[in-house]
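Trainee: Encoded as structure tokens, here's the structure I'll be asking about.
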Amino acid sequence: MEEMVLEALLFGDIQAQLLAARQLVQFSSKQRHNTVEKGVVPPLILMLSTKDYETIEAALFALLSIAFRSERNKMLIAKSGAITVLLNVIQGENEFLVELGMAFLLTLSSCGSNKLAIASFGAIPLLLELLNSQSYNNISLQANLDILSTLHNLSTCNQLIPSIVSYGGVATLIRLINLASELVMEKAVSLLENLVSSSRIALEEAAGTEGAIQCLVKAMEEGSRQCKEHAVAILLLICDSCRDRYRGMILREGAMAALLQLSVDGTRRARDKAKRLLLLLRDCSNCCQTTKQPRNIVLLEQIMRQIEQVGEPEGISVALLEEMISKLRT
């Protein structure tokens, strides 16, 4: 069976190749391994360059099945010339092929050995352009999530972070955080934290972008648990980088109520970050040296003293917590 599929892919017409690629998807993992050993990858990649949508679709499914749970095969596929052809597919007009192509690129980007190669073919500016283009809303939600996940995979290679930043990644992510989709928000905030925690330039750009602090506070208030964790971590990095400059900005956006809530019922990491940020916002020793403090600062001081009396925010009763948050939000 493996020999017949390989022969059809190497020497058959388009219809024979189409049927062979579909057959390959049905193979067991052992059968797929045998076909890879016999050279099935190059003809499948050649099929991606055709103009026939069905042929491209069948080749993508076959290559995905080969790459599944095999770092060796992911490397082989990339080295066989798949990346540049795949990027062409992603720029096509067929929405389903774009979605399938992005799923395949995401799979390849999960292999550490492929990351530099993917970036070298211009994937980073292309992916950011797709997120920023007029066609953004025409691309499926899943494709957009896969784009963000692919960029996140690439960002785990420190050599590629400057490229993501220089091509406008920070501004793009801040814009995405403002979108209604909770899933997009979570992916965007996660990637943004990865950038700003690894790059001083990215941190300064994020802090200085108009509306960035506001959207991060919104993410901390309205996002998922993981989204809130990433958002508070970014705000802590921003405030800690220059408290004199950013402390007031964060306070003016009404972050304290969300921070107090997060310090009690967030993830373990979010609770820690929220408590540390509350301390930075509270400490007036080096900034805001005025005789009259803003009302929210006075309330924060009162709340922090109450927290100190019981030891930790977790020791505060639900009723008292709700009262504190209500005061901060009025």
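Within each chain, counting starts at residue 1; across the structure tokens, chains are named A, B, ... in the order shown, with ligands numbered 1 upward in that order.
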Would you list the contacts of Leu86 (chain A) as a PyMOL selection string, taking every protein, DNA or RNA residue within 8 Å and counting only C-alpha atoms, but skipping same-chain residues closer than 5 positions in sequence?

Mentor: chain A and resi 48+101+105

Trainee: Might you pull out every residue within 8 Å of Leu10 (chain A), with only C-alpha atoms counted and same-chain residues fewer than 4 positions away left off, and present them as a ChimeraX atom specification?

Mentor: /A:6,17,43

Trainee: Using only all heavy atoms, please write the residues we just selected to a file, as a PDB file, in the first residue's frame.

Mentor:
ATOM      1  N   LEU A   6       3.174   6.112  -2.779  1.00  0.00           N
ATOM      2  CA  LEU A   6       4.379   6.843  -3.168  1.00  0.00           C
ATOM      3  C   LEU A   6       4.491   6.937  -4.692  1.00  0.00           C
ATOM      4  O   LEU A   6       4.819   7.997  -5.234  1.00  0.00           O
ATOM      5  CB  LEU A   6       5.622   6.158  -2.599  1.00  0.00           C
ATOM      6  CG  LEU A   6       6.964   6.824  -2.892  1.00  0.00           C
ATOM      7  CD1 LEU A   6       6.986   8.241  -2.353  1.00  0.00           C
ATOM      8  CD2 LEU A   6       8.101   6.005  -2.312  1.00  0.00           C
ATOM      9  N   GLN A  17      -2.587  11.820  -7.627  1.00  0.00           N
ATOM     10  CA  GLN A  17      -1.926  12.420  -6.467  1.00  0.00           C
ATOM     11  C   GLN A  17      -2.939  12.796  -5.389  1.00  0.00           C
ATOM     12  O   GLN A  17      -2.689  12.599  -4.191  1.00  0.00           O
ATOM     13  CB  GLN A  17      -1.143  13.661  -6.903  1.00  0.00           C
ATOM     14  CG  GLN A  17       0.073  13.364  -7.754  1.00  0.00           C
ATOM     15  CD  GLN A  17       0.769  14.640  -8.187  1.00  0.00           C
ATOM     16  OE1 GLN A  17       0.125  15.671  -8.401  1.00  0.00           O
ATOM     17  NE2 GLN A  17       2.089  14.577  -8.322  1.00  0.00           N
ATOM     18  N   PRO A  43       7.146  15.189  -2.884  1.00  0.00           N
ATOM     19  CA  PRO A  43       6.016  15.316  -3.817  1.00  0.00           C
ATOM     20  C   PRO A  43       4.790  15.974  -3.194  1.00  0.00           C
ATOM     21  O   PRO A  43       4.042  16.683  -3.883  1.00  0.00           O
ATOM     22  CB  PRO A  43       5.719  13.870  -4.233  1.00  0.00           C
ATOM     23  CG  PRO A  43       6.361  13.010  -3.206  1.00  0.00           C
ATOM     24  CD  PRO A  43       7.556  13.768  -2.738  1.00  0.00           C
TER      25      PRO A  43
END

Trainee: Using CA of Ala62 (chain A) and CA of Glu93 (chain A) as the two end points, give the distance in Å to one decimal.

Mentor: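 A separation of 21.1 Å between them.
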
Trainee: Considering only C-alpha atoms, state which residue in the set A:Gly122, A:Gln31, A:Lys79, A:Leu130 is at the smallest distance from Met102 (chain A).

Mentor: A:Leu130

Trainee: Could you give me, as a PyMOL selection string, the residues within 9 Å of Gly112 (chain A), counting only C-alpha atoms and dropping anything in the same chain fewer than 2 positions from it?

Mentor: chain A and resi 71+108-110+114-116+153-154+156-157

Trainee: At what distance in Å, to one decimal, does CA of Leu126 (chain A) lie from CA of Leu46 (chain A)?

Mentor: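 Between CA of Leu46 (chain A) and CA of Leu126 (chain A) the gap is 21.9 Å.
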
Trainee: Using only C-alpha atoms, pick whichever of A:Ala188, A:Ile147, A:Val264, A:Ile139 has the shortest atom-to-atom distance to Glu95 (chain A).

Mentor: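 For Glu95 (chain A), the nearest of the candidates is A:Ile139.
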
Trainee: Per DSSP on the backbone, filter region 213-297 of chain A down to the residues in helix (DSSP H, G or I) and report them as a ChimeraX atom specification.

Mentor: /A:213-222,225-241,243-252,255-265,268-282,295-297

Trainee: With only C-alpha atoms as the atoms that count, which of A:Val232, A:Ile56, A:Ala255, A:Ala202 lies nearest to Thr267 (chain A)?

Mentor: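 Selected residue with least distance to Thr267 (chain A): A:Val232.
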
Trainee: What is the CA of Tyr246 (chain A)-CA of Val184 (chain A) distance in Å, reported with one decimal?

Mentor: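 These two atoms are separated by 26.0 Å.
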